[in-house]
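Structure data follow from my_file-v2.txt (compact mmCIF, C-alpha atoms):
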# COMPACT_ATOMS: atom_id res chain seq x y z
CA MET A 28 -22.99 -2.02 -27.60
CA ASP A 29 -19.81 -2.06 -25.54
CA THR A 30 -16.48 -2.46 -27.26
CA PRO A 31 -14.94 -5.77 -26.23
CA ILE A 32 -12.12 -5.89 -23.68
CA PRO A 33 -9.25 -8.20 -24.59
CA ILE A 34 -7.47 -9.77 -21.63
CA ILE A 35 -4.01 -11.11 -22.49
CA GLY A 36 -3.30 -14.08 -20.26
CA ALA A 37 -6.92 -14.54 -19.26
CA THR A 38 -6.42 -18.25 -18.73
CA GLY A 39 -4.47 -17.27 -15.58
CA ALA A 40 -6.24 -16.77 -12.25
CA LEU A 41 -6.39 -12.95 -12.16
CA GLY A 42 -7.22 -12.55 -15.85
CA PHE A 43 -9.92 -15.19 -15.68
CA GLY A 44 -11.46 -13.63 -12.57
CA LEU A 45 -11.54 -10.22 -14.27
CA ALA A 46 -13.09 -11.82 -17.35
CA LEU A 47 -15.89 -13.33 -15.27
CA ARG A 48 -16.65 -10.08 -13.46
CA LEU A 49 -16.56 -7.96 -16.62
CA GLY A 50 -18.71 -10.50 -18.45
CA ARG A 51 -21.27 -10.41 -15.69
CA ALA A 52 -21.28 -6.62 -15.90
CA GLY A 53 -22.28 -6.84 -19.54
CA VAL A 54 -18.86 -6.11 -21.03
CA PRO A 55 -17.90 -8.45 -23.90
CA VAL A 56 -14.56 -10.08 -23.11
CA ILE A 57 -11.97 -11.56 -25.42
CA ILE A 58 -10.00 -14.17 -23.56
CA GLY A 59 -6.45 -14.21 -24.84
CA SER A 60 -3.97 -17.04 -24.44
CA ARG A 61 -0.78 -18.15 -26.13
CA ASP A 62 -2.76 -21.01 -27.57
CA ALA A 63 -6.05 -20.33 -29.38
CA GLY A 64 -7.45 -23.70 -28.30
CA ARG A 65 -6.84 -23.00 -24.62
CA ALA A 66 -8.37 -19.54 -25.06
CA GLU A 67 -11.52 -21.03 -26.55
CA GLU A 68 -11.75 -23.58 -23.76
CA ALA A 69 -11.46 -20.81 -21.15
CA ALA A 70 -14.11 -18.77 -22.98
CA ALA A 71 -16.47 -21.76 -22.89
CA LYS A 72 -15.75 -22.24 -19.19
CA ALA A 73 -16.44 -18.54 -18.52
CA ALA A 74 -19.69 -18.72 -20.48
CA ALA A 75 -20.78 -21.70 -18.40
CA LEU A 76 -20.10 -19.77 -15.18
CA VAL A 77 -21.62 -16.50 -16.42
CA PRO A 78 -24.30 -17.48 -18.95
CA GLU A 79 -25.35 -13.86 -19.49
CA GLY A 80 -21.79 -12.89 -20.52
CA THR A 81 -20.21 -12.66 -23.96
CA PHE A 82 -16.84 -14.42 -24.10
CA THR A 83 -14.73 -15.30 -27.09
CA GLY A 84 -11.32 -16.93 -27.13
CA ALA A 85 -8.38 -15.85 -29.28
CA GLN A 86 -4.64 -16.16 -29.53
CA ASN A 87 -3.07 -13.24 -27.59
CA ALA A 88 -2.03 -11.14 -30.60
CA ASP A 89 -5.45 -11.48 -32.23
CA ALA A 90 -7.10 -10.62 -28.93
CA ALA A 91 -4.92 -7.51 -28.54
CA ARG A 92 -6.05 -6.19 -31.93
CA ALA A 93 -9.71 -6.45 -31.03
CA GLY A 94 -10.16 -3.69 -28.44
CA GLU A 95 -9.02 -0.17 -27.65
CA LEU A 96 -8.29 -1.01 -24.02
CA VAL A 97 -6.28 -4.18 -23.50
CA ILE A 98 -5.58 -5.79 -20.13
CA LEU A 99 -2.24 -7.56 -19.72
CA SER A 100 -2.43 -10.13 -16.94
CA VAL A 101 0.57 -12.43 -17.13
CA PRO A 102 3.26 -13.56 -14.67
CA PHE A 103 6.26 -11.24 -14.51
CA ARG A 104 8.40 -14.07 -15.85
CA ASN A 105 6.48 -13.85 -19.14
CA GLN A 106 5.72 -10.13 -19.32
CA SER A 107 8.64 -9.12 -21.50
CA GLU A 108 8.12 -12.05 -23.92
CA ASN A 109 4.43 -11.21 -24.19
CA LEU A 110 5.14 -7.56 -24.91
CA THR A 111 7.63 -8.55 -27.61
CA ASN A 112 4.99 -10.77 -29.20
CA LEU A 113 2.43 -7.96 -29.06
CA LYS A 114 4.65 -5.44 -30.86
CA GLY A 115 3.02 -6.23 -34.19
CA ALA A 116 -0.47 -6.30 -32.73
CA LEU A 117 -0.81 -3.18 -30.60
CA THR A 118 -1.25 0.12 -32.44
CA ALA A 119 -1.11 3.79 -31.53
CA GLY A 120 -4.14 5.00 -29.61
CA GLN A 121 -4.64 1.79 -27.69
CA ILE A 122 -4.40 1.64 -23.90
CA LEU A 123 -2.56 -1.25 -22.29
CA VAL A 124 -3.53 -1.89 -18.68
CA ASP A 125 -0.64 -3.72 -17.05
CA ALA A 126 -1.39 -5.87 -14.00
CA THR A 127 2.05 -7.41 -13.73
CA VAL A 128 3.79 -7.73 -10.37
CA PRO A 129 7.54 -8.39 -10.25
CA LEU A 130 7.28 -10.96 -7.45
CA ALA A 131 10.54 -12.63 -6.51
CA ALA A 132 8.60 -15.85 -7.06
CA ALA A 133 9.48 -15.34 -10.74
CA VAL A 134 13.01 -16.47 -9.89
CA SER A 135 11.94 -18.97 -7.21
CA GLY A 136 12.13 -16.34 -4.47
CA LYS A 137 9.41 -15.46 -1.98
CA ALA A 138 6.01 -14.11 -2.96
CA THR A 139 6.41 -11.53 -0.19
CA ARG A 140 9.43 -10.04 -1.94
CA THR A 141 9.88 -8.35 -5.28
CA LEU A 142 12.57 -7.98 -7.88
CA GLY A 143 13.97 -4.61 -8.82
CA VAL A 144 12.95 -3.66 -12.33
CA TRP A 145 15.44 -1.44 -14.15
CA GLN A 146 12.72 0.90 -15.43
CA GLY A 147 11.28 1.27 -11.92
CA SER A 148 8.29 -1.05 -12.21
CA ALA A 149 6.80 -3.70 -14.45
CA ALA A 150 4.38 -1.10 -15.81
CA GLN A 151 7.22 1.23 -16.75
CA GLN A 152 8.94 -1.69 -18.44
CA ALA A 153 5.72 -2.22 -20.38
CA GLN A 154 5.61 1.47 -21.34
CA GLU A 155 9.12 1.17 -22.73
CA MET A 156 8.23 -1.91 -24.78
CA VAL A 157 4.88 -1.02 -26.36
CA PRO A 158 4.74 0.57 -29.82
CA GLU A 159 4.79 4.37 -29.92
CA GLY A 160 1.42 5.90 -29.22
CA VAL A 161 0.25 3.08 -26.99
CA THR A 162 -0.17 4.30 -23.43
CA VAL A 163 0.24 2.11 -20.39
CA LEU A 164 -1.79 2.18 -17.21
CA SER A 165 -1.06 0.12 -14.11
CA ALA A 166 -3.92 -1.47 -12.17
CA PHE A 167 -5.50 -4.54 -10.54
CA HIS A 168 -2.58 -5.43 -8.23
CA THR A 169 -4.55 -5.55 -5.02
CA VAL A 170 -7.66 -7.41 -6.09
CA SER A 171 -7.67 -11.09 -5.13
CA ALA A 172 -7.96 -13.41 -8.15
CA SER A 173 -9.80 -15.90 -6.01
CA LEU A 174 -12.37 -13.34 -4.82
CA LEU A 175 -12.97 -12.21 -8.40
CA SER A 176 -13.68 -15.79 -9.44
CA ASP A 177 -15.84 -16.43 -6.39
CA LEU A 178 -18.95 -14.96 -7.96
CA ASP A 179 -20.96 -15.28 -4.76
CA HIS A 180 -18.50 -12.98 -3.01
CA LYS A 181 -19.62 -9.37 -2.76
CA LEU A 182 -16.58 -7.29 -3.66
CA ASP A 183 -15.92 -4.18 -1.58
CA GLU A 184 -12.51 -2.71 -2.31
CA ASP A 185 -10.52 -0.31 -4.45
CA VAL A 186 -8.61 -0.66 -7.71
CA LEU A 187 -5.54 1.56 -7.60
CA ILE A 188 -4.72 3.08 -10.98
CA CYS A 189 -1.50 4.76 -12.09
CA GLY A 190 -0.89 6.43 -15.44
CA ASP A 191 0.34 9.57 -17.08
CA ARG A 192 -2.81 10.58 -18.98
CA ARG A 193 -5.90 11.55 -17.08
CA ALA A 194 -8.28 10.71 -19.94
CA ASP A 195 -6.93 7.15 -20.14
CA LYS A 196 -7.31 6.70 -16.40
CA GLU A 197 -10.89 7.95 -16.64
CA ARG A 198 -11.57 5.41 -19.38
CA LEU A 199 -10.28 2.60 -17.17
CA ALA A 200 -12.10 4.00 -14.13
CA ALA A 201 -15.38 3.85 -16.05
CA LEU A 202 -14.70 0.19 -16.82
CA VAL A 203 -13.78 -0.64 -13.21
CA THR A 204 -16.94 1.05 -11.99
CA ARG A 205 -18.97 -1.40 -14.08
CA ILE A 206 -17.85 -4.18 -11.71
CA GLU A 207 -20.05 -4.02 -8.63
CA GLY A 208 -18.08 -3.41 -5.44
CA LEU A 209 -14.89 -2.11 -7.07
CA ARG A 210 -14.00 1.57 -6.84
CA PRO A 211 -11.24 3.05 -9.01
CA VAL A 212 -8.75 5.39 -7.31
CA ASP A 213 -6.35 7.51 -9.33
CA CYS A 214 -2.96 7.16 -7.60
CA GLY A 215 -0.95 9.45 -9.82
CA PRO A 216 1.56 9.06 -12.66
CA LEU A 217 2.79 5.74 -14.01
CA GLU A 218 5.96 5.95 -11.93
CA LEU A 219 3.79 5.36 -8.84
CA ALA A 220 3.35 1.81 -10.14
CA ARG A 221 6.71 1.24 -8.47
CA ILE A 222 4.83 1.51 -5.18
CA VAL A 223 1.46 0.03 -6.13
CA GLU A 224 3.04 -3.14 -7.55
CA GLN A 225 4.56 -3.70 -4.09
CA LEU A 226 1.10 -3.96 -2.58
CA THR A 227 0.67 -7.48 -3.95
CA PRO A 228 3.45 -8.96 -1.79
CA LEU A 229 2.16 -6.90 1.16
CA ILE A 230 -1.30 -8.41 0.72
CA ILE A 231 0.19 -11.87 0.30
CA SER A 232 2.01 -11.40 3.62
CA ILE A 233 -1.20 -10.21 5.30
CA ASN A 234 -3.14 -13.13 3.80
CA VAL A 235 -0.65 -15.65 5.19
CA ARG A 236 -0.81 -14.13 8.65
CA HIS A 237 -4.55 -13.58 8.83
CA LYS A 238 -5.75 -16.52 6.70
CA ALA A 239 -7.60 -13.92 4.64
CA ARG A 240 -8.12 -12.76 1.09
CA ALA A 241 -7.30 -9.15 1.75
CA GLY A 242 -7.66 -6.10 -0.45
CA ILE A 243 -7.12 -2.37 -0.11
CA ARG A 244 -9.53 0.44 0.58
CA ILE A 245 -8.33 4.05 0.57
CA THR A 246 -10.02 5.93 3.38
CA GLY A 247 -10.75 9.64 3.45
CA LEU A 248 -11.99 9.97 -0.14
CA ASP A 249 -15.51 11.29 -0.06
CA ALA A 250 -18.04 10.40 -2.75
CA THR A 251 -17.21 13.42 -4.89
CA HIS A 252 -13.63 12.26 -5.23
CA GLU A 253 -14.25 8.67 -6.13
CA MET B 1 -1.70 2.81 35.84
CA ASP B 2 -0.41 2.70 32.27
CA THR B 3 3.30 2.88 31.64
CA PRO B 4 4.12 6.12 29.83
CA ILE B 5 4.84 6.13 26.09
CA PRO B 6 7.82 8.25 25.06
CA ILE B 7 7.56 9.77 21.60
CA ILE B 8 10.90 10.89 20.20
CA GLY B 9 10.32 13.86 17.93
CA ALA B 10 6.86 14.55 19.28
CA THR B 11 7.16 18.22 18.48
CA GLY B 12 6.77 17.21 14.82
CA ALA B 13 3.34 16.87 13.22
CA LEU B 14 2.94 13.07 13.31
CA GLY B 15 4.45 12.64 16.77
CA PHE B 16 2.35 15.44 18.20
CA GLY B 17 -0.83 14.03 16.66
CA LEU B 18 -0.08 10.60 18.13
CA ALA B 19 0.63 12.23 21.49
CA LEU B 20 -2.77 13.95 21.49
CA ARG B 21 -4.66 10.78 20.56
CA LEU B 22 -2.81 8.60 23.07
CA GLY B 23 -3.28 11.23 25.75
CA ARG B 24 -6.99 11.35 25.09
CA ALA B 25 -7.09 7.54 25.33
CA GLY B 26 -5.69 7.77 28.87
CA VAL B 27 -2.12 6.80 28.01
CA PRO B 28 0.51 9.03 29.69
CA VAL B 29 2.79 10.47 27.03
CA ILE B 30 6.33 11.74 27.30
CA ILE B 31 6.95 14.27 24.58
CA GLY B 32 10.56 14.07 23.48
CA SER B 33 12.47 16.76 21.63
CA ARG B 34 16.08 17.65 21.03
CA ASP B 35 15.53 20.60 23.31
CA ALA B 36 13.96 20.08 26.75
CA GLY B 37 12.39 23.55 26.66
CA ARG B 38 10.64 22.88 23.36
CA ALA B 39 9.46 19.51 24.70
CA GLU B 40 7.93 21.16 27.75
CA GLU B 41 6.22 23.78 25.59
CA ALA B 42 4.74 21.04 23.39
CA ALA B 43 3.59 19.13 26.48
CA ALA B 44 1.83 22.25 27.76
CA LYS B 45 0.21 22.75 24.35
CA ALA B 46 -0.96 19.12 24.31
CA ALA B 47 -2.37 19.46 27.82
CA ALA B 48 -4.30 22.54 26.74
CA LEU B 49 -5.82 20.64 23.80
CA VAL B 50 -6.46 17.43 25.77
CA PRO B 51 -7.03 18.52 29.38
CA GLU B 52 -7.75 14.95 30.53
CA GLY B 53 -4.37 13.76 29.20
CA THR B 54 -1.05 13.36 31.02
CA PHE B 55 1.82 14.92 29.10
CA THR B 56 5.35 15.61 30.20
CA GLY B 57 8.21 17.04 28.16
CA ALA B 58 11.77 15.75 28.16
CA GLN B 59 14.93 15.82 26.12
CA ASN B 60 14.85 12.87 23.67
CA ALA B 61 17.35 10.64 25.50
CA ASP B 62 15.62 11.15 28.84
CA ALA B 63 12.28 10.45 27.20
CA ALA B 64 13.59 7.22 25.66
CA ARG B 65 14.65 5.91 29.08
CA ALA B 66 11.20 6.40 30.53
CA GLY B 67 9.14 3.71 28.80
CA GLU B 68 9.36 0.14 27.54
CA LEU B 69 7.81 1.02 24.17
CA VAL B 70 9.31 4.08 22.50
CA ILE B 71 7.93 5.72 19.35
CA LEU B 72 10.46 7.29 16.99
CA SER B 73 8.81 9.93 14.84
CA VAL B 74 11.45 12.03 13.14
CA PRO B 75 12.20 13.05 9.55
CA PHE B 76 14.37 10.57 7.65
CA ARG B 77 17.03 13.24 7.39
CA ASN B 78 17.46 13.07 11.18
CA GLN B 79 16.73 9.39 11.84
CA SER B 80 20.31 8.18 11.87
CA GLU B 81 21.51 11.07 14.04
CA ASN B 82 18.69 10.45 16.50
CA LEU B 83 19.47 6.75 16.71
CA THR B 84 23.12 7.53 17.38
CA ASN B 85 22.09 9.88 20.18
CA LEU B 86 19.79 7.22 21.65
CA LYS B 87 22.50 4.54 21.83
CA GLY B 88 23.24 5.37 25.44
CA ALA B 89 19.59 5.67 26.38
CA LEU B 90 17.86 2.60 24.92
CA THR B 91 18.43 -0.69 26.73
CA ALA B 92 17.77 -4.35 25.98
CA GLY B 93 14.13 -5.33 26.28
CA GLN B 94 12.76 -2.06 24.99
CA ILE B 95 10.69 -1.85 21.81
CA LEU B 96 11.37 0.95 19.37
CA VAL B 97 8.48 1.74 17.03
CA ASP B 98 9.92 3.43 13.98
CA ALA B 99 7.62 5.66 11.95
CA THR B 100 10.30 7.02 9.63
CA VAL B 101 9.68 7.30 5.89
CA PRO B 102 12.65 7.74 3.53
CA LEU B 103 10.93 10.38 1.40
CA ALA B 104 13.06 11.87 -1.34
CA ALA B 105 12.04 15.19 0.19
CA ALA B 106 14.92 14.55 2.63
CA VAL B 107 17.30 15.50 -0.19
CA SER B 108 14.97 18.10 -1.76
CA GLY B 109 13.32 15.51 -3.99
CA LYS B 110 9.62 14.85 -4.35
CA ALA B 111 7.39 13.68 -1.50
CA THR B 112 5.90 11.13 -3.91
CA ARG B 113 9.29 9.44 -4.29
CA THR B 114 11.55 7.66 -1.84
CA LEU B 115 15.23 7.09 -1.36
CA GLY B 116 16.71 3.62 -1.40
CA VAL B 117 17.95 2.66 2.05
CA TRP B 118 20.88 0.27 2.06
CA GLN B 119 19.33 -1.95 4.74
CA GLY B 120 16.07 -2.15 2.81
CA SER B 121 14.00 0.32 4.79
CA ALA B 122 14.30 3.01 7.43
CA ALA B 123 13.01 0.53 10.01
CA GLN B 124 15.72 -1.98 9.11
CA GLN B 125 18.29 0.80 9.38
CA ALA B 126 16.90 1.47 12.87
CA GLN B 127 17.17 -2.23 13.76
CA GLU B 128 20.83 -2.15 12.76
CA MET B 129 21.52 0.93 14.88
CA VAL B 130 19.74 0.21 18.16
CA PRO B 131 21.61 -1.44 21.05
CA GLU B 132 21.49 -5.23 21.18
CA GLY B 133 18.28 -6.56 22.67
CA VAL B 134 16.16 -3.62 21.54
CA THR B 135 13.64 -4.75 18.93
CA VAL B 136 12.28 -2.52 16.23
CA LEU B 137 8.74 -2.40 14.90
CA SER B 138 7.60 -0.33 11.94
CA ALA B 139 4.23 1.46 12.06
CA PHE B 140 2.20 4.65 11.64
CA HIS B 141 3.19 5.42 8.03
CA THR B 142 -0.31 5.70 6.63
CA VAL B 143 -2.05 7.74 9.32
CA SER B 144 -2.41 11.41 8.49
CA ALA B 145 -0.72 13.68 11.03
CA SER B 146 -3.32 16.33 10.36
CA LEU B 147 -6.24 13.95 11.00
CA LEU B 148 -4.62 12.78 14.25
CA SER B 149 -4.35 16.38 15.44
CA ASP B 150 -7.87 17.22 14.28
CA LEU B 151 -9.50 15.90 17.44
CA ASP B 152 -13.01 16.40 16.07
CA HIS B 153 -12.22 13.99 13.24
CA LYS B 154 -13.47 10.45 13.80
CA LEU B 155 -10.63 8.18 12.72
CA ASP B 156 -11.56 5.07 10.74
CA GLU B 157 -8.47 3.39 9.29
CA ASP B 158 -5.75 0.85 9.85
CA VAL B 159 -2.25 1.01 11.31
CA LEU B 160 0.02 -1.39 9.44
CA ILE B 161 2.62 -3.01 11.68
CA CYS B 162 5.77 -4.90 10.67
CA GLY B 163 8.15 -6.67 13.01
CA ASP B 164 9.94 -9.91 13.66
CA ARG B 165 8.51 -10.77 17.09
CA ARG B 166 4.83 -11.52 17.44
CA ALA B 167 4.69 -10.58 21.13
CA ASP B 168 6.10 -7.13 20.42
CA LYS B 169 3.58 -6.58 17.65
CA GLU B 170 0.79 -7.62 20.01
CA ARG B 171 2.05 -5.10 22.56
CA LEU B 172 1.90 -2.32 19.96
CA ALA B 173 -1.44 -3.57 18.64
CA ALA B 174 -2.91 -3.25 22.13
CA LEU B 175 -1.69 0.35 22.29
CA VAL B 176 -3.06 1.20 18.83
CA THR B 177 -6.42 -0.28 19.76
CA ARG B 178 -6.65 2.24 22.59
CA ILE B 179 -7.02 4.99 20.00
CA GLU B 180 -10.62 5.03 18.84
CA GLY B 181 -11.00 4.34 15.12
CA LEU B 182 -7.56 2.84 14.55
CA ARG B 183 -7.20 -0.89 13.89
CA PRO B 184 -3.78 -2.57 14.01
CA VAL B 185 -2.94 -5.00 11.19
CA ASP B 186 0.07 -7.31 11.41
CA CYS B 187 1.75 -7.13 8.00
CA GLY B 188 4.57 -9.57 8.62
CA PRO B 189 8.29 -9.38 9.39
CA LEU B 190 10.28 -6.18 9.66
CA GLU B 191 11.56 -6.51 6.10
CA LEU B 192 8.01 -5.75 4.92
CA ALA B 193 8.64 -2.20 6.16
CA ARG B 194 10.35 -1.80 2.80
CA ILE B 195 6.87 -1.89 1.29
CA VAL B 196 4.83 -0.24 4.04
CA GLU B 197 7.13 2.80 4.16
CA GLN B 198 6.31 3.34 0.48
CA LEU B 199 2.65 3.84 1.33
CA THR B 200 3.34 7.35 2.61
CA PRO B 201 4.36 8.71 -0.81
CA LEU B 202 1.44 6.78 -2.36
CA ILE B 203 -0.97 8.48 0.03
CA ILE B 204 0.67 11.85 -0.60
CA SER B 205 0.11 11.32 -4.33
CA ILE B 206 -3.53 10.36 -3.74
CA ASN B 207 -4.02 13.37 -1.44
CA VAL B 208 -2.71 15.75 -4.08
CA ARG B 209 -5.01 14.31 -6.74
CA HIS B 210 -8.12 14.01 -4.61
CA LYS B 211 -7.64 16.95 -2.23
CA ALA B 212 -8.04 14.44 0.56
CA ARG B 213 -6.40 13.22 3.74
CA ALA B 214 -6.33 9.59 2.79
CA GLY B 215 -5.49 6.52 4.83
CA ILE B 216 -5.49 2.77 4.31
CA ARG B 217 -7.98 0.11 5.26
CA ILE B 218 -7.23 -3.55 4.61
CA THR B 219 -10.39 -5.27 3.40
CA GLY B 220 -11.23 -8.93 3.85
CA LEU B 221 -10.11 -9.26 7.50
CA ASP B 222 -13.03 -10.35 9.58
CA ALA B 223 -13.40 -9.37 13.20
CA THR B 224 -11.64 -12.47 14.51
CA HIS B 225 -8.52 -11.53 12.61
CA GLU B 226 -8.25 -7.91 13.60
Structure re-expressed in structure tokens:
Amino acid sequence: MDTPIPIIGATGALGFGLALRLGRAGVPVIIGSRDAGRAEEAAAKAAALVPEGTFTGAQNADAARAGELVILSVPFRNQSENLTNLKGALTAGQILVDATVPLAAAVSGKATRTLGVWQGSAAQQAQEMVPEGVTVLSAFHTVSASLLSDLDHKLDEDVLICGDRRADKERLAALVTRIEGLRPVDCGPLELARIVEQLTPLIISINVRHKARAGIRITGLDATHE
Amino acid sequence: MDTPIPIIGATGALGFGLALRLGRAGVPVIIGSRDAGRAEEAAAKAAALVPEGTFTGAQNADAARAGELVILSVPFRNQSENLTNLKGALTAGQILVDATVPLAAAVSGKATRTLGVWQGSAAQQAQEMVPEGVTVLSAFHTVSASLLSDLDHKLDEDVLICGDRRADKERLAALVTRIEGLRPVDCGPLELARIVEQLTPLIISINVRHKARAGIRITGLDATHE
């Protein structure tokens, strides 16, 4: 039996899309939200869309306690507040996968621009804020929320992963591989999140211009390096 | 007959690789270098590798005068100096395609880190420095110099293009399309170069980890949007 994957902010578009895809892959998902009622509603909605999946709803802090690998999928505007609220819930040994993007939209700027984050990136801000012994990975910035939720769409793109510990990245890579059509690519240490987080506004700009739902594929990696 | 494409700094790895591929595609190339003798040597070397190509060597300023679309492929350390030297050579109506990446390696830092450029990106610095009426595009940051020069390698990746004028981007896109296996992708206005220039250190980090010569492919663009 798989350990469940809590997704903090899974009532949002990206988190919900990831929940659906993981659920369909046979991974039990705990849908976290600020409000337990909304979380349960979203879990019921996910179960209706993916009847073979296992979804439960929980308030964010309770969700965060329930798995060793926790996905944080919240708007940048709320990231810091969420991390403060999770301080009593996360414990040493857990992995927090941060999907936050510091879009300038957080301060009513453009979605094709970003804010400078003092620590270098949203993921590095997360690493500074989590309890000691919790390690942060950065991932899921280039995967379209709408394509994840469009369950008829055949995914065919990469998930770029940054983090300082190889074993943690391998743990996340194994999870990503469960989702058909997604390939994990190790991009280096967590500080590279400074670059990878910028790919969201790049993709937004491409989407606007090409009326597309674009993603990223790294070329030149043969099968043995995937 | 095609107009020739001057490449400033074409004795460097990326510029030389582009010269070879353009030459093979039937585009006459003017190989620019600080030193006319070195430029002529490189042109002879290119002609030996691509006998069907047309290569001439010229001092950078002379090269820049000889075509309507000029590629600037120099290390960040020398970009500003080169642009100063080109002030008397470039004239209104020309397009300058900047391939510069502000790698921290320019100041003996890491090649997986970049320097902050006051104007936002190296391409925006170029736009500030060129004579009035010259427009700057940003491109060629994600294509491996070594794969370009490896003429047996079948390219299969994208060239991300940023710029403020659609017609100029279409002009460059038509040139890129001449090179087999490269697809141009319009990424938006020149300010997006701030993001696209960061893809070079990302790819360097991926290359180190995966012992690869990686590139980028944007997924989700159907044929009508290429």
Which one of B:Ile179, B:Leu137, B:Ile8, B:Ala111 sits closest to chain A if you count only C-alpha atoms?
-> B:Ala111
Residue list for chain A near chain B as a PyMOL selection string, 10 Å, all atoms listed in the file | chain A and resi 139-141+171+174+182-185+187+212-216+218-249+251-253
Skipping near chain neighbours, those fewer than 3 positions away, what residues fall within 7 Å of region 164-172 of chain B using all atoms listed in the file, listed as a PyMOL selection string?
-> chain B and resi 175-176+189-190
Once you have the residues from the selection above, write them out as a short mmCIF file (atom, residue, chain, number, x, y, z; two decimals), in the frame of the given file, restricted to C-alpha atoms.
data_model
loop_
_atom_site.label_atom_id
_atom_site.label_comp_id
_atom_site.auth_asym_id
_atom_site.auth_seq_id
_atom_site.Cartn_x
_atom_site.Cartn_y
_atom_site.Cartn_z
CA LEU B 175 -1.69 0.35 22.29
CA VAL B 176 -3.06 1.20 18.83
CA PRO B 189 8.29 -9.38 9.39
CA LEU B 190 10.28 -6.18 9.66
#
Go through A:Glu159, A:Ala69, A:Ala63, A:Ala52 and flag the residue nearest Thr204 (chain A), using only C-alpha atoms for the distances.
->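 Selected residue with least distance to Thr204 (chain A): A:Ala52.
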For Ala85 (chain A), list every protein, DNA or RNA residue within 8 Å, evaluated using all atoms listed in the file, and leave out those in the same chain fewer than 6 positions away; present the list as an MDAnalysis selection string.
-> chainID A and resid 57:60 62:64 66:67
Okay, now the selection with C-alpha atoms, as a JSON list (two decimals), in the frame of the given file?
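selection_9.json written:
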[["chain", "number", "residue", "atom", "x", "y", "z"],
["A", 57, "ILE", "CA", -11.97, -11.56, -25.42],
["A", 58, "ILE", "CA", -10.00, -14.17, -23.56],
["A", 59, "GLY", "CA", -6.45, -14.21, -24.84],
["A", 60, "SER", "CA", -3.97, -17.04, -24.44],
["A", 62, "ASP", "CA", -2.76, -21.01, -27.57],
["A", 63, "ALA", "CA", -6.05, -20.33, -29.38],
["A", 64, "GLY", "CA", -7.45, -23.70, -28.30],
["A", 66, "ALA", "CA", -8.37, -19.54, -25.06],
["A", 67, "GLU", "CA", -11.52, -21.03, -26.55]]
Counting all atoms listed in the file, which of A:Ala70, A:Ile32, A:Ala37, A:Ala150 gets nearest to Ala93 (chain A)?
->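 Closest to Ala93 (chain A) of all the choices is A:Ile32.
Taking all atoms listed in the file into account, Arg65 (chain B) lies nearest to B:Pro4 out of the set B:Asn78, B:Ser108, B:Pro4, B:Leu14.
Pairwise distance (CA of Ile7 (chain B), CA of Thr56 (chain B)) equals 10.6 Å.
With distances taken over all atoms listed in the file, B:Ala46 is the one residue among B:Ala46, B:Val117, B:Thr84, B:Ala106 lying closest to Gly15 (chain B).
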A:His168, A:Pro158, A:Ala88, A:Asp179: which is nearest Leu130 (chain A), counting all atoms listed in the file?
->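 Of the candidates, the smallest distance to Leu130 (chain A) is held by A:His168.
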Quick one: residues within 8 Å of Gly116 (chain B), all atoms listed in the file, excluding same-chain residues fewer than 3 positions away - as a PDB file with C-alpha atoms, in the frame of the given file?
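And here is the file that came out, selection-v3.pdb:
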ATOM      1  CA  PRO B 102      12.650   7.740   3.530  1.00  0.00           C
ATOM      2  CA  GLY B 120      16.070  -2.150   2.810  1.00  0.00           C
ATOM      3  CA  SER B 121      14.000   0.320   4.790  1.00  0.00           C
TER       4      SER B 121
END
Figure out the distance between CA of Leu47 (chain A) and CA of Leu76 (chain A), please, to one decimal in Å.
->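 The value is 7.7 Å.
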With a distance cut-off of 7 Å and only C-alpha atoms, select the neighbouring residues of Ala99 (chain B), excluding the residue or stretch itself and same-chain residues fewer than 4 positions from it, and output the selection as a PyMOL selection string.
-> chain B and resi 72-73+138-141
Give me, please, the distance in Å between CA of Val163 (chain A) and CA of Gln121 (chain A), quoted to one decimal.
->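 Between CA of Val163 (chain A) and CA of Gln121 (chain A) the gap is 8.8 Å.
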